[in-house]
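Student: Provided herewith: structure_35.txt, compact mmCIF, C-alpha atoms.
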# COMPACT_ATOMS: atom_id res chain seq x y z
CA MET A 19 -180.80 -69.80 34.87
CA ALA A 20 -180.22 -68.49 31.35
CA LYS A 21 -181.85 -70.43 28.52
CA THR A 22 -179.59 -71.74 25.79
CA ILE A 23 -180.06 -70.94 22.11
CA LEU A 24 -178.09 -72.57 19.29
CA PHE A 25 -177.47 -70.06 16.48
CA VAL A 26 -176.30 -71.50 13.16
CA GLU A 27 -175.19 -69.06 10.45
CA ASP A 28 -172.33 -69.04 7.96
CA SER A 29 -171.97 -65.25 7.86
CA ALA A 30 -169.52 -64.34 10.64
CA SER A 31 -170.78 -60.77 10.95
CA VAL A 32 -174.45 -61.81 11.29
CA ARG A 33 -173.36 -64.43 13.81
CA GLN A 34 -171.49 -61.83 15.84
CA VAL A 35 -174.33 -59.29 15.90
CA MET A 36 -176.94 -61.89 16.85
CA ASN A 37 -174.65 -63.33 19.50
CA SER A 38 -174.38 -59.98 21.26
CA THR A 39 -178.10 -59.24 20.78
CA LEU A 40 -179.20 -62.57 22.25
CA THR A 41 -176.62 -62.44 25.06
CA ARG A 42 -177.82 -58.94 25.99
CA GLU A 43 -181.34 -60.36 26.25
CA GLY A 44 -180.10 -62.87 28.83
CA TYR A 45 -179.74 -65.97 26.71
CA ASP A 46 -176.75 -68.32 26.64
CA VAL A 47 -175.71 -68.62 23.01
CA ILE A 48 -173.95 -71.48 21.25
CA LEU A 49 -172.65 -70.50 17.82
CA ALA A 50 -172.09 -72.74 14.81
CA CYS A 51 -170.94 -71.79 11.31
CA ASP A 52 -172.83 -74.47 9.34
CA GLY A 53 -175.03 -77.52 9.75
CA GLN A 54 -172.12 -79.89 10.21
CA ASP A 55 -170.59 -77.71 12.92
CA ALA A 56 -174.00 -77.38 14.58
CA LEU A 57 -174.46 -81.15 14.78
CA THR A 58 -171.21 -81.44 16.75
CA ARG A 59 -172.66 -78.96 19.32
CA LEU A 60 -175.66 -81.16 20.01
CA ASP A 61 -174.30 -83.19 22.92
CA GLY A 62 -177.63 -83.94 24.59
CA SER A 63 -177.66 -80.87 26.85
CA LYS A 64 -180.83 -78.81 26.98
CA ILE A 65 -181.29 -76.32 24.15
CA TYR A 66 -184.42 -74.18 24.30
CA LEU A 67 -184.34 -72.94 20.72
CA ILE A 68 -182.42 -73.53 17.49
CA ILE A 69 -182.09 -70.69 14.98
CA SER A 70 -180.56 -71.73 11.69
CA ASP A 71 -179.77 -70.22 8.31
CA VAL A 72 -180.89 -72.29 5.29
CA ASN A 73 -178.15 -71.75 2.73
CA MET A 74 -174.81 -72.75 4.24
CA PRO A 75 -171.70 -74.58 3.03
CA ASN A 76 -170.89 -78.20 4.06
CA MET A 77 -174.39 -78.89 5.38
CA ASP A 78 -177.43 -76.72 4.67
CA GLY A 79 -179.92 -75.71 7.35
CA LEU A 80 -182.75 -78.04 6.38
CA THR A 81 -180.48 -81.11 6.32
CA PHE A 82 -179.17 -80.10 9.75
CA VAL A 83 -182.68 -79.63 11.14
CA LYS A 84 -183.79 -83.03 9.87
CA SER A 85 -180.75 -84.66 11.54
CA ALA A 86 -181.31 -82.76 14.80
CA LYS A 87 -184.95 -83.86 14.91
CA GLN A 88 -183.79 -87.49 14.78
CA MET A 89 -182.06 -87.01 18.15
CA PRO A 90 -184.40 -87.73 21.10
CA ALA A 91 -183.02 -84.76 23.11
CA TYR A 92 -183.96 -82.28 20.38
CA LYS A 93 -187.11 -83.87 18.99
CA SER A 94 -189.32 -81.18 20.52
CA THR A 95 -186.87 -78.24 20.40
CA PRO A 96 -188.49 -75.37 18.49
CA ILE A 97 -186.63 -74.28 15.37
CA ILE A 98 -186.57 -70.97 13.51
CA MET A 99 -185.16 -70.87 9.98
CA LEU A 100 -183.51 -67.72 8.62
CA THR A 101 -183.33 -67.45 4.89
CA THR A 102 -183.26 -65.43 1.73
CA GLU A 103 -185.46 -68.13 0.21
CA THR A 104 -188.90 -66.94 -0.74
CA GLN A 105 -189.85 -70.09 -2.62
CA GLU A 106 -192.85 -71.88 -1.19
CA VAL A 107 -191.32 -75.31 -1.90
CA LYS A 108 -188.46 -74.69 0.52
CA MET A 109 -190.81 -73.22 3.10
CA ASN A 110 -193.01 -76.32 2.90
CA GLU A 111 -189.92 -78.49 3.26
CA GLY A 112 -189.17 -76.61 6.48
CA LYS A 113 -192.72 -77.02 7.72
CA ALA A 114 -192.54 -80.76 7.03
CA ALA A 115 -189.30 -80.89 9.06
CA ASP A 116 -191.21 -79.46 12.07
CA VAL A 117 -189.73 -75.96 11.76
CA LYS A 118 -191.83 -73.56 13.85
CA ALA A 119 -191.05 -70.26 12.12
CA TRP A 120 -189.63 -69.11 8.80
CA ILE A 121 -187.94 -65.71 8.75
CA VAL A 122 -187.03 -64.09 5.44
CA LYS A 123 -183.89 -61.95 5.45
CA PRO A 124 -183.35 -59.12 5.93
CA PHE A 125 -184.95 -59.01 9.37
CA GLN A 126 -184.52 -56.72 12.36
CA PRO A 127 -183.00 -58.22 15.55
CA ALA A 128 -186.15 -57.15 17.41
CA GLN A 129 -188.29 -59.34 15.12
CA LEU A 130 -186.15 -62.35 15.86
CA LEU A 131 -186.20 -61.65 19.61
CA ALA A 132 -190.00 -61.46 19.57
CA ALA A 133 -190.19 -64.81 17.77
CA ASP A 134 -187.63 -66.29 20.19
CA SER A 135 -189.56 -65.41 23.31
CA GLN A 136 -192.83 -66.55 21.73
CA LEU A 137 -191.41 -69.98 20.86
CA ILE A 138 -189.43 -70.46 24.07
CA GLN A 139 -192.49 -69.71 26.21
CA ALA A 140 -194.80 -71.88 24.12
CA MET B 22 -187.77 -14.97 127.15
CA ARG B 23 -185.12 -12.63 125.85
CA LYS B 24 -183.01 -15.62 124.98
CA LEU B 25 -185.89 -17.17 123.06
CA SER B 26 -186.48 -13.89 121.22
CA ARG B 27 -182.79 -13.64 120.25
CA SER B 28 -182.78 -17.24 119.10
CA SER B 29 -185.91 -16.65 117.04
CA GLY B 30 -184.30 -13.59 115.44
CA ASP B 31 -181.23 -15.69 114.52
CA VAL B 32 -183.39 -18.37 113.00
CA GLY B 33 -185.35 -15.75 111.03
CA LYS B 34 -182.09 -14.26 109.80
CA LYS B 35 -180.82 -17.70 108.76
CA ILE B 36 -184.11 -18.40 106.97
CA THR B 37 -183.86 -15.10 105.11
CA GLU B 38 -180.23 -15.87 104.16
CA THR B 39 -181.20 -19.36 103.01
CA ILE B 40 -184.10 -17.98 100.94
CA GLU B 41 -181.77 -15.43 99.37
CA ALA B 42 -179.23 -18.15 98.59
CA VAL B 43 -181.92 -20.36 97.08
CA SER B 44 -183.29 -17.41 95.07
CA GLU B 45 -179.80 -16.66 93.78
CA ALA B 46 -179.29 -20.29 92.86
CA ILE B 47 -182.66 -20.35 91.03
CA GLU B 48 -181.72 -17.09 89.27
CA ASP B 49 -178.35 -18.59 88.19
CA THR B 50 -180.08 -21.77 87.04
CA LEU B 51 -182.54 -19.72 85.02
CA VAL B 52 -179.71 -17.76 83.41
CA VAL B 53 -177.88 -20.96 82.52
CA SER B 54 -181.13 -22.56 81.28
CA ARG B 55 -181.91 -19.54 79.09
CA LYS B 56 -178.34 -19.66 77.74
CA PHE B 57 -178.67 -23.37 76.91
CA ALA B 58 -182.11 -22.81 75.38
CA ARG B 59 -180.63 -20.10 73.16
CA GLN B 60 -177.76 -22.38 72.20
CA ASP B 61 -180.20 -25.22 71.46
CA GLU B 62 -182.24 -22.89 69.31
CA GLU B 63 -179.12 -21.83 67.39
CA THR B 64 -177.99 -25.45 67.00
CA LEU B 65 -181.45 -26.41 65.72
CA GLY B 66 -181.42 -23.47 63.30
CA ASN B 67 -177.96 -24.47 62.05
CA ALA B 68 -179.01 -28.09 61.69
CA GLU B 69 -182.09 -27.05 59.68
CA ARG B 70 -179.97 -24.86 57.43
CA ILE B 71 -177.45 -27.70 56.88
CA ILE B 72 -180.23 -30.24 56.18
CA ASP B 73 -181.85 -27.80 53.78
CA SER B 74 -178.56 -27.23 51.97
CA VAL B 75 -177.86 -31.00 51.79
CA LEU B 76 -181.37 -31.65 50.48
CA ARG B 77 -180.96 -28.94 47.85
CA ARG B 78 -177.63 -30.40 46.74
CA PHE B 79 -179.10 -33.91 46.72
CA SER B 80 -182.04 -32.68 44.68
CA ARG B 81 -179.67 -31.03 42.18
CA ALA B 82 -177.59 -34.23 41.96
CA ALA B 83 -180.71 -36.40 41.56
CA SER B 84 -182.01 -34.12 38.84
CA GLY B 85 -178.60 -34.31 37.13
CA LEU B 86 -178.69 -38.09 37.38
CA THR B 87 -182.18 -38.20 35.90
CA GLU B 88 -181.01 -36.06 33.00
CA SER B 89 -177.94 -38.31 32.52
CA GLU B 90 -180.16 -41.40 32.64
CA GLU B 91 -182.49 -39.92 30.01
CA LEU B 92 -179.50 -39.03 27.85
CA LEU B 93 -178.06 -42.53 28.22
CA ARG B 94 -181.44 -44.05 27.41
CA THR B 95 -181.76 -41.90 24.28
CA GLU B 96 -178.22 -42.74 23.20
CA ASN B 97 -178.83 -46.42 23.90
CA ASN B 98 -181.94 -46.33 21.69
CA ALA B 99 -180.01 -44.55 18.93
CA ILE B 100 -177.23 -47.15 19.12
CA ASN B 101 -179.81 -49.96 19.00
CA TYR B 102 -181.34 -48.45 15.84
CA GLU B 103 -177.90 -48.15 14.29
CA ILE B 104 -177.07 -51.77 15.16
CA SER B 105 -180.37 -52.84 13.58
CA ASP B 106 -179.58 -50.86 10.42
CA VAL B 107 -176.08 -52.32 10.23
CA PHE B 108 -177.51 -55.78 10.80
CA VAL B 109 -179.99 -55.35 7.94
CA ALA B 110 -177.17 -54.05 5.71
CA LEU B 111 -175.07 -57.11 6.60
CA GLN B 112 -177.92 -59.37 5.53
CA PHE B 113 -178.21 -57.52 2.22
CA GLN B 114 -174.50 -58.02 1.75
CA ASP B 115 -175.05 -61.71 2.51
CA ARG B 116 -177.74 -61.86 -0.20
CA VAL B 117 -175.56 -60.06 -2.74
CA SER B 118 -172.69 -62.40 -1.89
CA GLN B 119 -174.96 -65.44 -2.50
CA ILE B 120 -176.11 -64.01 -5.84
CA LEU B 121 -172.53 -63.30 -6.92
CA ALA B 122 -171.43 -66.80 -5.91
CA LEU B 123 -174.19 -68.23 -8.10
CA VAL B 124 -173.19 -65.97 -11.02
CA CYS B 125 -169.52 -66.99 -10.64
CA ASP B 126 -170.45 -70.68 -10.56
CA ASP B 127 -172.54 -70.26 -13.68
CA LEU B 128 -169.77 -68.37 -15.50
CA ASN B 129 -167.33 -71.16 -14.66
CA LYS B 130 -169.86 -73.71 -15.91
CA LEU B 131 -170.30 -71.68 -19.11
CA GLU B 132 -166.55 -71.49 -19.65
CA GLN B 133 -166.28 -75.24 -19.25
CA HIS B 134 -169.17 -75.77 -21.63
CA LEU B 135 -167.62 -73.43 -24.24
CA ASN B 136 -164.33 -75.32 -24.01
CA GLU B 137 -166.17 -78.60 -24.56
CA LEU B 138 -167.98 -77.14 -27.59
CA LYS B 139 -164.67 -75.85 -28.94
CA SER B 140 -163.00 -79.25 -28.66
CA GLN B 141 -166.04 -80.95 -30.21
CA GLN B 142 -165.88 -78.45 -33.04
CA ALA B 143 -162.21 -79.22 -33.56
CA ASP B 144 -162.90 -82.98 -33.55
CA GLU B 145 -166.02 -83.03 -35.69
CA GLY B 146 -165.38 -79.95 -37.80
CA SER B 147 -168.95 -78.80 -37.35
CA SER B 148 -169.89 -75.59 -35.60
CA ARG B 149 -172.07 -75.76 -32.50
CA SER B 150 -173.45 -72.94 -30.42
CA VAL B 151 -174.77 -72.59 -26.89
CA ASN B 152 -178.49 -73.04 -26.50
CA VAL B 153 -178.98 -69.74 -24.71
CA GLU B 154 -182.63 -70.24 -23.85
CA GLN B 155 -182.00 -73.67 -22.36
CA TRP B 156 -178.97 -72.32 -20.50
CA LEU B 157 -180.96 -69.48 -18.97
CA GLU B 158 -183.81 -71.85 -18.14
CA GLU B 159 -181.35 -74.10 -16.24
CA LEU B 160 -179.86 -71.08 -14.49
CA SER B 161 -183.25 -69.81 -13.36
CA LYS B 162 -183.89 -73.16 -11.64
CA THR B 163 -181.02 -72.40 -9.26
CA TYR B 164 -182.54 -69.09 -8.11
CA THR B 165 -183.63 -68.97 -4.50
CA MET B 166 -184.67 -65.33 -4.21
CA GLU B 167 -187.61 -63.46 -5.61
CA GLU B 168 -185.28 -60.68 -6.80
CA GLN B 169 -183.29 -63.12 -8.95
CA LEU B 170 -186.45 -64.32 -10.68
CA THR B 171 -187.54 -60.72 -11.28
CA ALA B 172 -184.14 -59.69 -12.60
CA HIS B 173 -183.92 -62.76 -14.85
CA ASP B 174 -186.23 -61.36 -17.53
CA GLY B 175 -184.53 -57.98 -17.46
CA THR B 176 -186.88 -56.25 -15.02
CA LYS B 177 -185.12 -54.15 -12.41
CA ALA B 178 -185.35 -56.04 -9.15
CA GLU B 179 -186.12 -54.06 -6.07
CA ILE B 180 -185.47 -55.65 -2.71
CA LYS B 181 -188.50 -55.22 -0.51
CA THR B 182 -187.57 -53.93 2.91
CA ASP B 183 -191.11 -53.91 4.28
CA GLN B 184 -191.92 -57.57 3.76
CA PRO B 185 -193.66 -59.21 6.73
CA GLY B 186 -190.63 -61.41 7.36
CA ILE B 187 -191.92 -64.04 9.77
CA THR B 188 -194.20 -66.99 9.04
CA PHE B 189 -195.19 -69.16 11.98
CA PHE B 190 -196.23 -72.75 11.31
Would you kindly transcribe this structure into structure tokens?

Tutor:
Amino acid sequence: MAKTILFVEDSASVRQVMNSTLTREGYDVILACDGQDALTRLDGSKIYLIISDVNMPNMDGLTFVKSAKQMPAYKSTPIIMLTTETQEVKMNEGKAADVKAWIVKPFQPAQLLAADSQLIQA
Amino acid sequence: MRKLSRSSGDVGKKITETIEAVSEAIEDTLVVSRKFARQDEETLGNAERIIDSVLRRFSRAASGLTESEELLRTENNAINYEISDVFVALQFQDRVSQILALVCDDLNKLEQHLNELKSQQADEGSSRSVNVEQWLEELSKTYTMEEQLTAHDGTKAEIKTDQPGITFF
């Protein structure tokens, strides 16, 4: 059975490319356009990995991650943050929120896929 | 005695006729057998030629398929590289868009601030100016990218494309 990944990103084009890349790799992908939208997708069903952008309208990625981690079903779900942020303060905030990997944009799809399989298998 | 001799001669004659008939039958059988053996040989030869031709055609088709597969694989790799490049370009566009949004917000804030100063000047009659250093200091606090910090003091910012990218915690 295909493993489900929640991909949260406000850029529609990045969302579309990553959706087709992840689907081609055999994952089921749930897409959300910001943190608020992503929270509505968390209905208790199993999600193997959450990939989220940091800077997004309505609700930013770190606020979303902190809310998701409060839910028992997603307490141990690994999370990858995608960001243009290079500031250590933000990165440490992510680490404190139990984020497992921090990817600075621009990244290649292959890099993200490698991180995905590493975290899903772990 | 004569009767016995005649009877024996008849029997001998019949035996000779029977032997001749059997010999003829064997001869005919041999002819037919040789004919069938020749036909079998021809059929076998034909079958071998057909199998050989089919195998050669199959081999040509398989080789064509291998070439097509290689071509498809190469094209698939090329497309994947192009998708990766486009994806990276999209992310750059995303960064530029974020920087522009920040610049626009700051320009709007500056316009508002200038209007406030103008109305204060009209009310109080005294002239006030923008504290540029403080303004820039405040603006730099909103930067989230290394390139913005570099560009802030007038240095040309170059976006690094070879940065390691992933940090695992």

Student: Name the residues in contact with A:Leu57 at a cut-off of 9 Å, using all atoms listed in the file, excluding same-chain residues fewer than 3 positions from it; report them as a list of chain:residue names.

Tutor: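 Listing them by chain and then by number gives A:Ala50, A:Asp52, A:Gly53, A:Gln54, A:Leu60, A:Asp61, A:Phe82, A:Ser85, A:Ala86.
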
Student: Considering only C-alpha atoms, return as an mmCIF file with C-alpha atoms, in the coordinates of the input whatever protein or nucleic-acid residues lie within 10 Å of A:Ser94, sequence-local ones (same chain, fewer than 6 positions apart) excluded.

Tutor:
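Dumped to result.cif:
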data_model
loop_
_atom_site.group_PDB
_atom_site.id
_atom_site.type_symbol
_atom_site.label_atom_id
_atom_site.label_comp_id
_atom_site.auth_asym_id
_atom_site.auth_seq_id
_atom_site.Cartn_x
_atom_site.Cartn_y
_atom_site.Cartn_z
ATOM 1 C CA TYR A 66 -184.420 -74.180 24.300
ATOM 2 C CA LEU A 67 -184.340 -72.940 20.720
ATOM 3 C CA ALA A 86 -181.310 -82.760 14.800
ATOM 4 C CA LYS A 87 -184.950 -83.860 14.910
ATOM 5 C CA ASP A 116 -191.210 -79.460 12.070
#

Student: Do you know which residues are at most 10 Å from A:Gly62 counting only C-alpha atoms, after dropping those on the same chain fewer than 4 positions away, and could you put them as a list of chain:residue names?

Tutor: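 My reading of the contact set: A:Met89, A:Pro90, A:Ala91, A:Tyr92.
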
Student: Would you mind listing, as number ranges by chain, all residues of chain B that have at least one atom within 12 Å of chain A, where only C-alpha atoms are what counts?

Tutor: B: 101-120, 122, 162-170, 180-190

Student: For a test of reading the model, state the distance in Å between atom CA of B:Leu65 and atom CA of B:Arg78, rounded to one decimal.

Tutor: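 So the two atoms, atom CA of B:Leu65 and atom CA of B:Arg78, lie 19.8 Å apart.
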
Student: What does the structure give for the distance between atom CA of B:Ala172 and atom CA of B:Asp126, in Å to one decimal?

Tutor: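 Calculated distance between atom CA of B:Ala172 and atom CA of B:Asp126 is 17.7 Å.
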
Student: Which residues come within 12 Å of B:Asn152, counting only C-alpha atoms, excluding same-chain residues fewer than 2 positions away, as a PyMOL selection string?

Tutor: chain B and resi 131+134-135+138+149-150+154-159

Student: Could you please determine the separation between atom CA of B:Glu48 and atom CA of B:Gly30 in Å, to one decimal place?

Tutor: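 According to the coordinates, atom CA of B:Glu48 and atom CA of B:Gly30 are separated by 26.5 Å.
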